[in-house]
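As stored in work.pdb (PDB, C-alpha atoms):
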```pdb
ATOM      1  CA  MET A   1       0.000   0.000   0.000  1.00  0.00           C
ATOM      2  CA  LYS A   2       2.832   2.351   0.900  1.00  0.00           C
ATOM      3  CA  LYS A   3       4.549   1.624  -2.418  1.00  0.00           C
ATOM      4  CA  LEU A   4       1.297   2.309  -4.264  1.00  0.00           C
ATOM      5  CA  LEU A   5       0.891   5.743  -2.617  1.00  0.00           C
ATOM      6  CA  THR A   6       4.497   6.608  -3.382  1.00  0.00           C
ATOM      7  CA  GLY A   7       3.923   5.776  -7.049  1.00  0.00           C
ATOM      8  CA  VAL A   8       0.825   7.963  -7.194  1.00  0.00           C
ATOM      9  CA  VAL A   9       2.742  10.929  -5.714  1.00  0.00           C
ATOM     10  CA  ILE A  10       5.545  10.520  -8.261  1.00  0.00           C
ATOM     11  CA  VAL A  11       3.041  10.420 -11.121  1.00  0.00           C
ATOM     12  CA  LEU A  12       1.295  13.587  -9.872  1.00  0.00           C
ATOM     13  CA  ILE A  13       4.586  15.452  -9.458  1.00  0.00           C
ATOM     14  CA  THR A  14       5.711  14.408 -12.932  1.00  0.00           C
ATOM     15  CA  ALA A  15       2.396  15.493 -14.440  1.00  0.00           C
ATOM     16  CA  GLY A  16       2.681  18.862 -12.696  1.00  0.00           C
ATOM     17  CA  MET A  17       6.162  19.368 -14.092  1.00  0.00           C
ATOM     18  CA  LEU A  18       4.958  18.509 -17.570  1.00  0.00           C
ATOM     19  CA  ASN A  19       2.065  20.978 -17.256  1.00  0.00           C
ATOM     20  CA  ALA A  20       4.438  23.684 -16.038  1.00  0.00           C
ATOM     21  CA  CYS A  21       6.737  23.076 -19.002  1.00  0.00           C
ATOM     22  CA  SER A  22       3.778  23.205 -21.354  1.00  0.00           C
ATOM     23  CA  GLU A  23       2.734  26.564 -19.897  1.00  0.00           C
ATOM     24  CA  MET A  24       6.280  27.888 -20.239  1.00  0.00           C
ATOM     25  CA  GLU A  25       6.350  26.847 -23.871  1.00  0.00           C
ATOM     26  CA  ASP A  26       3.002  28.565 -24.503  1.00  0.00           C
ATOM     27  CA  GLU A  27       4.334  31.785 -22.979  1.00  0.00           C
ATOM     28  CA  SER A  28       7.591  31.828 -24.930  1.00  0.00           C
ATOM     29  CA  PRO A  29       8.500  35.235 -26.436  1.00  0.00           C
ATOM     30  CA  SER A  30       8.522  33.850 -29.950  1.00  0.00           C
ATOM     31  CA  SER A  31       4.835  32.975 -29.780  1.00  0.00           C
ATOM     32  CA  SER A  32       3.569  36.177 -28.079  1.00  0.00           C
ATOM     33  CA  SER A  33       5.672  38.957 -29.645  1.00  0.00           C
ATOM     34  CA  SER A  34       4.160  41.049 -32.463  1.00  0.00           C
ATOM     35  CA  GLU A  35       5.560  40.848 -35.959  1.00  0.00           C
ATOM     36  CA  TYR A  36       8.210  43.511 -36.744  1.00  0.00           C
ATOM     37  CA  THR A  37       7.360  45.971 -39.506  1.00  0.00           C
ATOM     38  CA  ALA A  38      10.319  47.557 -41.263  1.00  0.00           C
ATOM     39  CA  PRO A  39      10.100  51.340 -41.809  1.00  0.00           C
ATOM     40  CA  GLU A  40       9.675  52.797 -45.278  1.00  0.00           C
ATOM     41  CA  TYR A  41      11.809  55.582 -46.752  1.00  0.00           C
ATOM     42  CA  LYS A  42       9.871  58.378 -48.404  1.00  0.00           C
ATOM     43  CA  GLU A  43       9.980  62.016 -49.455  1.00  0.00           C
ATOM     44  CA  MET A  44       8.761  64.373 -46.740  1.00  0.00           C
ATOM     45  CA  PRO A  45       5.568  66.150 -47.876  1.00  0.00           C
ATOM     46  CA  ASP A  46       5.200  69.934 -47.800  1.00  0.00           C
ATOM     47  CA  LEU A  47       3.072  70.680 -44.738  1.00  0.00           C
ATOM     48  CA  ARG A  48       3.633  74.442 -44.552  1.00  0.00           C
ATOM     49  CA  HIS A  49       0.466  76.557 -44.253  1.00  0.00           C
ATOM     50  CA  MET A  50      -1.685  73.429 -43.810  1.00  0.00           C
ATOM     51  CA  SER A  51      -4.044  73.253 -40.880  1.00  0.00           C
ATOM     52  CA  LEU A  52      -2.631  71.166 -38.043  1.00  0.00           C
ATOM     53  CA  GLU A  53      -5.441  68.636 -38.484  1.00  0.00           C
ATOM     54  CA  LYS A  54      -4.680  68.104 -42.171  1.00  0.00           C
ATOM     55  CA  ALA A  55      -0.921  67.938 -41.561  1.00  0.00           C
ATOM     56  CA  ILE A  56      -1.341  65.203 -38.945  1.00  0.00           C
ATOM     57  CA  ALA A  57      -3.691  63.260 -41.218  1.00  0.00           C
ATOM     58  CA  THR A  58      -1.184  63.571 -44.070  1.00  0.00           C
ATOM     59  CA  LEU A  59       1.719  62.334 -41.947  1.00  0.00           C
ATOM     60  CA  HIS A  60      -0.224  59.433 -40.471  1.00  0.00           C
ATOM     61  CA  GLY A  61      -1.472  58.475 -43.911  1.00  0.00           C
ATOM     62  CA  GLU A  62       2.126  58.276 -45.153  1.00  0.00           C
ATOM     63  CA  GLY A  63       3.300  56.279 -42.133  1.00  0.00           C
ATOM     64  CA  TRP A  64       4.857  58.925 -39.834  1.00  0.00           C
ATOM     65  CA  THR A  65       3.318  58.547 -36.377  1.00  0.00           C
ATOM     66  CA  ASP A  66       6.047  59.990 -34.119  1.00  0.00           C
ATOM     67  CA  VAL A  67       4.937  63.626 -34.363  1.00  0.00           C
ATOM     68  CA  GLU A  68       5.042  66.632 -32.048  1.00  0.00           C
ATOM     69  CA  ALA A  69       3.721  70.175 -32.478  1.00  0.00           C
ATOM     70  CA  VAL A  70       5.131  73.237 -30.718  1.00  0.00           C
ATOM     71  CA  GLU A  71       4.226  76.918 -30.681  1.00  0.00           C
ATOM     72  CA  GLU A  72       6.878  79.611 -30.287  1.00  0.00           C
ATOM     73  CA  ASN A  73       6.085  82.851 -28.461  1.00  0.00           C
ATOM     74  CA  ASP A  74       8.723  85.445 -27.556  1.00  0.00           C
ATOM     75  CA  GLY A  75      11.511  82.884 -27.586  1.00  0.00           C
ATOM     76  CA  THR A  76       9.679  80.278 -25.518  1.00  0.00           C
ATOM     77  CA  GLU A  77       8.114  77.047 -26.720  1.00  0.00           C
ATOM     78  CA  SER A  78       4.948  75.308 -25.632  1.00  0.00           C
ATOM     79  CA  THR A  79       3.604  71.951 -26.724  1.00  0.00           C
ATOM     80  CA  VAL A  80       0.373  71.917 -28.717  1.00  0.00           C
ATOM     81  CA  ARG A  81      -1.889  68.880 -28.644  1.00  0.00           C
ATOM     82  CA  LEU A  82      -2.149  67.223 -32.035  1.00  0.00           C
ATOM     83  CA  ASP A  83      -5.957  67.346 -31.918  1.00  0.00           C
ATOM     84  CA  GLN A  84      -6.026  71.121 -31.354  1.00  0.00           C
ATOM     85  CA  THR A  85      -7.897  73.198 -33.934  1.00  0.00           C
ATOM     86  CA  GLY A  86      -7.164  76.752 -35.039  1.00  0.00           C
ATOM     87  CA  TYR A  87      -3.469  76.232 -35.876  1.00  0.00           C
ATOM     88  CA  HIS A  88      -1.503  75.988 -39.105  1.00  0.00           C
ATOM     89  CA  ILE A  89       2.026  74.801 -39.863  1.00  0.00           C
ATOM     90  CA  ALA A  90       4.703  77.512 -39.931  1.00  0.00           C
ATOM     91  CA  SER A  91       7.716  75.203 -40.397  1.00  0.00           C
ATOM     92  CA  GLN A  92       8.635  71.543 -40.232  1.00  0.00           C
ATOM     93  CA  ASN A  93      11.587  69.288 -39.473  1.00  0.00           C
ATOM     94  CA  PRO A  94      12.530  67.264 -41.507  1.00  0.00           C
ATOM     95  CA  HIS A  95      11.997  69.930 -44.152  1.00  0.00           C
ATOM     96  CA  ASN A  96       9.634  69.462 -47.061  1.00  0.00           C
ATOM     97  CA  GLY A  97      11.044  67.693 -50.098  1.00  0.00           C
ATOM     98  CA  LYS A  98      13.724  65.821 -48.169  1.00  0.00           C
ATOM     99  CA  THR A  99      14.056  62.343 -49.634  1.00  0.00           C
ATOM    100  CA  GLY A 100      14.815  59.030 -47.975  1.00  0.00           C
ATOM    101  CA  VAL A 101      13.161  59.935 -44.670  1.00  0.00           C
ATOM    102  CA  SER A 102      12.385  56.843 -42.594  1.00  0.00           C
ATOM    103  CA  THR A 103       8.788  56.569 -41.402  1.00  0.00           C
ATOM    104  CA  ASP A 104      10.070  55.965 -37.864  1.00  0.00           C
ATOM    105  CA  THR A 105      11.711  59.437 -37.871  1.00  0.00           C
ATOM    106  CA  HIS A 106      10.517  61.958 -35.284  1.00  0.00           C
ATOM    107  CA  VAL A 107       8.679  64.819 -37.030  1.00  0.00           C
ATOM    108  CA  ARG A 108       8.590  68.236 -35.361  1.00  0.00           C
ATOM    109  CA  LEU A 109       6.004  70.803 -36.456  1.00  0.00           C
ATOM    110  CA  THR A 110       6.190  74.462 -35.470  1.00  0.00           C
ATOM    111  CA  VAL A 111       2.662  75.840 -35.530  1.00  0.00           C
ATOM    112  CA  HIS A 112       1.128  79.305 -35.580  1.00  0.00           C
ATOM    113  CA  LYS A 113      -2.296  80.174 -34.235  1.00  0.00           C
ATOM    114  CA  ASP A 114      -4.806  81.210 -36.888  1.00  0.00           C
ATOM    115  CA  ARG A 115      -5.949  84.812 -36.697  1.00  0.00           C
ATOM    116  CA  THR A 116      -8.003  85.143 -39.861  1.00  0.00           C
ATOM    117  CA  ARG A 117      -8.256  83.620 -43.310  1.00  0.00           C
ATOM    118  CA  THR A 118      -9.926  86.723 -44.763  1.00  0.00           C
ATOM    119  CA  ILE A 119      -7.886  89.775 -45.783  1.00  0.00           C
ATOM    120  CA  SER A 120      -9.902  91.072 -48.748  1.00  0.00           C
ATOM    121  CA  ASN A 121     -11.789  93.239 -46.257  1.00  0.00           C
ATOM    122  CA  LEU A 122      -8.494  94.976 -45.432  1.00  0.00           C
ATOM    123  CA  VAL A 123      -6.605  95.050 -48.731  1.00  0.00           C
ATOM    124  CA  ALA A 124      -7.784  95.529 -52.319  1.00  0.00           C
ATOM    125  CA  VAL A 125      -6.212  95.176 -55.750  1.00  0.00           C
ATOM    126  CA  ASN A 126      -4.268  98.313 -56.819  1.00  0.00           C
ATOM    127  CA  ASP A 127      -3.796  99.488 -53.218  1.00  0.00           C
ATOM    128  CA  PRO A 128      -0.334 101.008 -52.650  1.00  0.00           C
ATOM    129  CA  TRP A 129       1.697  98.313 -50.919  1.00  0.00           C
ATOM    130  CA  ASP A 130       2.980 100.611 -48.168  1.00  0.00           C
ATOM    131  CA  GLU A 131      -0.596 101.430 -47.126  1.00  0.00           C
ATOM    132  CA  ALA A 132      -1.784  97.830 -47.464  1.00  0.00           C
ATOM    133  CA  PHE A 133       1.145  96.548 -45.412  1.00  0.00           C
ATOM    134  CA  GLU A 134       0.341  98.964 -42.578  1.00  0.00           C
ATOM    135  CA  LYS A 135      -3.326  97.906 -42.589  1.00  0.00           C
ATOM    136  CA  LEU A 136      -2.348  94.265 -42.260  1.00  0.00           C
ATOM    137  CA  ARG A 137       0.182  94.968 -39.543  1.00  0.00           C
ATOM    138  CA  SER A 138      -2.313  97.088 -37.601  1.00  0.00           C
ATOM    139  CA  ALA A 139      -4.687  94.114 -37.712  1.00  0.00           C
ATOM    140  CA  GLY A 140      -1.981  91.970 -36.099  1.00  0.00           C
ATOM    141  CA  LEU A 141      -1.233  89.986 -39.259  1.00  0.00           C
ATOM    142  CA  GLU A 142       2.366  88.997 -39.927  1.00  0.00           C
ATOM    143  CA  ARG A 143       3.785  88.398 -43.384  1.00  0.00           C
ATOM    144  CA  GLY A 144       4.713  84.743 -43.820  1.00  0.00           C
ATOM    145  CA  CYS A 145       2.773  83.677 -40.725  1.00  0.00           C
ATOM    146  CA  ASP A 146      -0.756  84.925 -41.388  1.00  0.00           C
ATOM    147  CA  TYR A 147      -0.613  85.460 -45.146  1.00  0.00           C
ATOM    148  CA  ILE A 148       1.563  84.392 -48.059  1.00  0.00           C
ATOM    149  CA  TYR A 149       3.462  87.202 -49.750  1.00  0.00           C
ATOM    150  CA  VAL A 150       4.749  86.996 -53.326  1.00  0.00           C
ATOM    151  CA  GLY A 151       6.833  89.825 -54.751  1.00  0.00           C
ATOM    152  CA  GLY A 152      10.178  91.519 -54.517  1.00  0.00           C
ATOM    153  CA  ALA A 153       9.211  94.668 -52.630  1.00  0.00           C
ATOM    154  CA  MET A 154      12.356  96.070 -51.028  1.00  0.00           C
ATOM    155  CA  GLY A 155      13.251  99.494 -49.720  1.00  0.00           C
ATOM    156  CA  ASP A 156      10.521 102.003 -50.512  1.00  0.00           C
ATOM    157  CA  TYR A 157       7.205 100.118 -50.369  1.00  0.00           C
ATOM    158  CA  SER A 158       5.435 103.097 -51.977  1.00  0.00           C
ATOM    159  CA  GLN A 159       6.948 102.017 -55.320  1.00  0.00           C
ATOM    160  CA  TYR A 160       4.836  98.857 -55.256  1.00  0.00           C
ATOM    161  CA  TYR A 161       1.148  98.053 -55.438  1.00  0.00           C
ATOM    162  CA  VAL A 162      -1.120  95.065 -54.715  1.00  0.00           C
ATOM    163  CA  LYS A 163      -1.510  93.144 -57.970  1.00  0.00           C
ATOM    164  CA  SER A 164      -3.809  90.465 -56.553  1.00  0.00           C
ATOM    165  CA  VAL A 165      -5.267  89.384 -53.225  1.00  0.00           C
ATOM    166  CA  SER A 166      -7.030  86.145 -52.339  1.00  0.00           C
ATOM    167  CA  ASP A 167      -8.582  84.946 -49.111  1.00  0.00           C
ATOM    168  CA  GLY A 168      -7.584  81.627 -47.599  1.00  0.00           C
ATOM    169  CA  ASP A 169      -9.604  78.590 -46.651  1.00  0.00           C
ATOM    170  CA  ALA A 170      -9.372  75.801 -44.089  1.00  0.00           C
ATOM    171  CA  ASP A 171      -6.063  74.556 -45.467  1.00  0.00           C
ATOM    172  CA  ASN A 172      -4.512  77.586 -47.195  1.00  0.00           C
ATOM    173  CA  LEU A 173      -3.399  80.992 -45.970  1.00  0.00           C
ATOM    174  CA  PRO A 174      -4.513  84.207 -47.675  1.00  0.00           C
ATOM    175  CA  ALA A 175      -2.138  85.355 -50.414  1.00  0.00           C
ATOM    176  CA  ILE A 176      -0.985  88.703 -51.794  1.00  0.00           C
ATOM    177  CA  ILE A 177       0.998  89.352 -54.980  1.00  0.00           C
ATOM    178  CA  VAL A 178       2.871  92.664 -55.110  1.00  0.00           C
ATOM    179  CA  GLU A 179       4.335  94.278 -58.234  1.00  0.00           C
ATOM    180  CA  ASP A 180       6.516  97.282 -59.000  1.00  0.00           C
ATOM    181  CA  TYR A 181       4.613 100.243 -60.487  1.00  0.00           C
ATOM    182  CA  ARG A 182       7.208 100.365 -63.286  1.00  0.00           C
ATOM    183  CA  ASP A 183       6.305  96.821 -64.317  1.00  0.00           C
ATOM    184  CA  LYS A 184       2.646  97.767 -64.233  1.00  0.00           C
ATOM    185  CA  ARG A 185       3.215 100.735 -66.549  1.00  0.00           C
ATOM    186  CA  ARG A 186       5.254  98.588 -68.924  1.00  0.00           C
ATOM    187  CA  HIS A 187       2.496  95.975 -69.083  1.00  0.00           C
ATOM    188  CA  GLU A 188      -0.103  98.671 -69.713  1.00  0.00           C
ATOM    189  CA  GLU A 189       1.983 100.163 -72.540  1.00  0.00           C
ATOM    190  CA  GLN A 190       2.446  96.735 -74.092  1.00  0.00           C
ATOM    191  CA  GLN A 191      -1.286  96.122 -73.889  1.00  0.00           C
ATOM    192  CA  GLN A 192      -2.010  99.471 -75.542  1.00  0.00           C
ATOM    193  CA  GLU A 193       0.422  98.712 -78.359  1.00  0.00           C
ATOM    194  CA  ARG A 194      -1.065  95.244 -78.732  1.00  0.00           C
ATOM    195  CA  ASP A 195      -4.555  96.684 -78.960  1.00  0.00           C
ATOM    196  CA  ALA A 196      -3.399  99.307 -81.469  1.00  0.00           C
ATOM    197  CA  SER A 197      -1.561  96.884 -83.726  1.00  0.00           C
ATOM    198  CA  GLY A 198      -4.173  94.177 -83.582  1.00  0.00           C
ATOM    199  CA  GLN A 199      -1.774  91.639 -85.076  1.00  0.00           C
ATOM    200  CA  GLU A 200       0.801  89.075 -84.092  1.00  0.00           C
ATOM    201  CA  ALA A 201       4.105  88.422 -85.806  1.00  0.00           C
ATOM    202  CA  HIS A 202       7.056  86.095 -85.565  1.00  0.00           C
ATOM    203  CA  GLY A 203      10.337  87.732 -84.589  1.00  0.00           C
ATOM    204  CA  GLY A 204      12.774  87.723 -87.511  1.00  0.00           C
ATOM    205  CA  ALA A 205      10.090  87.116 -90.121  1.00  0.00           C
ATOM    206  CA  PHE A 206       9.825  89.416 -93.148  1.00  0.00           C
ATOM    207  CA  CYS A 207       7.448  92.393 -93.029  1.00  0.00           C
ATOM    208  CA  SER A 208       6.349  94.927 -95.630  1.00  0.00           C
ATOM    209  CA  THR A 209       5.705  98.337 -94.061  1.00  0.00           C
ATOM    210  CA  GLU A 210       8.530  99.910 -92.102  1.00  0.00           C
ATOM    211  CA  GLY A 211       7.375 101.279 -88.756  1.00  0.00           C
ATOM    212  CA  ASP A 212       4.453  98.872 -88.304  1.00  0.00           C
ATOM    213  CA  THR A 213       4.177  97.183 -84.897  1.00  0.00           C
ATOM    214  CA  ALA A 214       2.906  93.795 -83.784  1.00  0.00           C
ATOM    215  CA  ILE A 215       2.913  91.624 -80.693  1.00  0.00           C
ATOM    216  CA  SER A 216       5.307  88.686 -80.657  1.00  0.00           C
ATOM    217  CA  ASP A 217       3.679  85.282 -81.016  1.00  0.00           C
ATOM    218  CA  ARG A 218       6.182  83.950 -78.469  1.00  0.00           C
ATOM    219  CA  SER A 219       6.050  86.577 -75.711  1.00  0.00           C
ATOM    220  CA  ASP A 220       4.584  89.934 -74.708  1.00  0.00           C
ATOM    221  CA  ASN A 221       7.319  91.831 -76.575  1.00  0.00           C
ATOM    222  CA  ILE A 222       6.345  94.420 -79.160  1.00  0.00           C
ATOM    223  CA  LEU A 223       7.930  93.886 -82.584  1.00  0.00           C
ATOM    224  CA  THR A 224       8.652  96.672 -85.059  1.00  0.00           C
ATOM    225  CA  CYS A 225       9.018  96.305 -88.796  1.00  0.00           C
ATOM    226  CA  GLN A 226      12.470  97.696 -89.544  1.00  0.00           C
ATOM    227  CA  GLU A 227      15.542  97.110 -91.629  1.00  0.00           C
ATOM    228  CA  ALA A 228      17.603  94.179 -90.384  1.00  0.00           C
ATOM    229  CA  SER A 229      21.341  93.544 -90.783  1.00  0.00           C
ATOM    230  CA  ASP A 230      20.708  91.861 -94.142  1.00  0.00           C
ATOM    231  CA  GLY A 231      19.123  95.067 -95.460  1.00  0.00           C
ATOM    232  CA  ARG A 232      15.605  93.630 -95.582  1.00  0.00           C
ATOM    233  CA  LEU A 233      12.545  94.567 -93.508  1.00  0.00           C
ATOM    234  CA  ARG A 234      11.955  92.157 -90.644  1.00  0.00           C
ATOM    235  CA  TRP A 235      10.015  92.029 -87.380  1.00  0.00           C
ATOM    236  CA  ILE A 236      12.521  93.027 -84.705  1.00  0.00           C
ATOM    237  CA  SER A 237      12.032  93.414 -80.956  1.00  0.00           C
TER     238      SER A 237
END
```
Take the structure I supplied and represent it as structure tokens, if you would.
Amino acid sequence: MKKLLTGVVIVLITAGMLNACSEMEDESPSSSSSEYTAPEYKEMPDLRHMSLEKAIATLHGEGWTDVEAVEENDGTESTVRLDQTGYHIASQNPHNGKTGVSTDTHVRLTVHKDRTRTISNLVAVNDPWDEAFEKLRSAGLERGCDYIYVGGAMGDYSQYYVKSVSDGDADNLPAIIVEDYRDKRRHEEQQQERDASGQEAHGGAFCSTEGDTAISDRSDNILTCQEASDGRLRWIS
């Protein structure tokens, strides 16, 4: 009887050890770990001027999930929640267009709080740029942050005017195109000559009446019928 009980105990202990080993095998790292996904290498999209919401959606859609957004004020930085509304992207790192960026790269977005997407109530086409600029600045709008500026205005702003102005929308900032008054006058003169001549001509082609004018069929240049180096009348710019 004693031998029988001893045998039963040994069997139970052995069975327990086998069960423990089975459990250890079931819990092995190889069977519970998730499958590794290798990162992709892509070109960084241009996120500037996008709303924060659209920028995050764009990054996540391309595979970048390690993203932070910060706002800079007077030299200090503060973190902005990625689900915050009313912000747009001022700059990004990595920069737009950079190629071969791994999708596990940390992306840092510097954001700017939206003030307004409407500026046509402040600035109109043909406004002198110096006056328009002061109106925008008085409204608290900064060039490059609150509206996109296109033009080469330097020095005396009174020499420039607003050529076009467009309001923004949810994903685009308002935009202003500025042009030099001298360019405007030149374009107007070319248009007047074009209207007066009423014809197009090919530069270098023969013409018949010296002094006639025409608009180039390749550009906005005005061509004049005059004697060329070969002694014959040709359309010359």
If you apply the PyMOL selection byres ((chain A and resi 144) around 12) to this file, what residues do you get, as a short mmCIF file (atom, residue, chain, number, x, y, z; two decimals) with C-alpha atoms, in the coordinates of the input?
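The resulting file, out.cif, is shown below:
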```
data_model
loop_
_atom_site.label_atom_id
_atom_site.label_comp_id
_atom_site.auth_asym_id
_atom_site.auth_seq_id
_atom_site.Cartn_x
_atom_site.Cartn_y
_atom_site.Cartn_z
CA ARG A 48 3.63 74.44 -44.55
CA HIS A 49 0.47 76.56 -44.25
CA HIS A 88 -1.50 75.99 -39.10
CA ILE A 89 2.03 74.80 -39.86
CA ALA A 90 4.70 77.51 -39.93
CA SER A 91 7.72 75.20 -40.40
CA HIS A 112 1.13 79.31 -35.58
CA LEU A 136 -2.35 94.26 -42.26
CA ARG A 137 0.18 94.97 -39.54
CA LEU A 141 -1.23 89.99 -39.26
CA GLU A 142 2.37 89.00 -39.93
CA ARG A 143 3.78 88.40 -43.38
CA CYS A 145 2.77 83.68 -40.72
CA ASP A 146 -0.76 84.92 -41.39
CA TYR A 147 -0.61 85.46 -45.15
CA ILE A 148 1.56 84.39 -48.06
CA TYR A 149 3.46 87.20 -49.75
CA VAL A 150 4.75 87.00 -53.33
CA LEU A 173 -3.40 80.99 -45.97
CA PRO A 174 -4.51 84.21 -47.68
CA ALA A 175 -2.14 85.36 -50.41
CA ILE A 176 -0.98 88.70 -51.79
#
```
Hits of the PyMOL selection byres ((chain A and resi 114-119) around 6) in this structure, as an MDAnalysis selection string: chainID A and resid 86:87 113 120:122 167:168 174
For the residues in the current selection, export C-alpha atoms as a PDB file, in the frame of the given file.
```
ATOM      1  CA  GLY A  86      -7.164  76.752 -35.039  1.00  0.00           C
ATOM      2  CA  TYR A  87      -3.469  76.232 -35.876  1.00  0.00           C
ATOM      3  CA  LYS A 113      -2.296  80.174 -34.235  1.00  0.00           C
ATOM      4  CA  SER A 120      -9.902  91.072 -48.748  1.00  0.00           C
ATOM      5  CA  ASN A 121     -11.789  93.239 -46.257  1.00  0.00           C
ATOM      6  CA  LEU A 122      -8.494  94.976 -45.432  1.00  0.00           C
ATOM      7  CA  ASP A 167      -8.582  84.946 -49.111  1.00  0.00           C
ATOM      8  CA  GLY A 168      -7.584  81.627 -47.599  1.00  0.00           C
ATOM      9  CA  PRO A 174      -4.513  84.207 -47.675  1.00  0.00           C
TER      10      PRO A 174
END
```
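Shortest atom-to-atom contact with Ile222 of chain A among A:Asp83, A:Glu189, A:Glu77, A:Glu53: A:Glu189, counting all atoms listed in the file.
Residues matched by the PyMOL selection byres ((chain A and resi 152-154) around 8) in this structure: Val150, Gly151, Gly155, Asp156, Tyr157, Tyr160, Val178, Glu179 and Asp180 of chain A.
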Ser102 of chain A environment, 9 Å, all atoms listed in the file, sequence neighbours closer than 4 positions dropped, as a list in words: Pro39, Glu40, Tyr41, Lys42, Glu43 and Trp64 of chain A
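From atom CA of Glu200 of chain A back to atom CA of Glu227 of chain A, the distance works out to 18.4 Å.
Our summary of the geometry notes that atom CA of Asn126 of chain A is positioned 13.3 Å from atom CA of Arg182 of chain A.
Compared by their closest atoms to Met50 of chain A, and using all atoms listed in the file, the residues A:Asp171, A:Glu188, A:Asp104, A:Asp66 rank with A:Asp171 nearest.
Atom to atom, atom CA of Thr103 of chain A and atom CA of Asp46 of chain A stand 15.2 Å apart.
Considering all atoms listed in the file, the residue among A:Ala214, A:Val125, A:Cys225, A:Val111 positioned nearest to Glu68 of chain A is A:Val111.
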Option closest in space to Ile177 of chain A, from A:Glu71, A:Glu35, A:Asp127, A:Asp230 [counting only C-alpha atoms]: A:Asp127
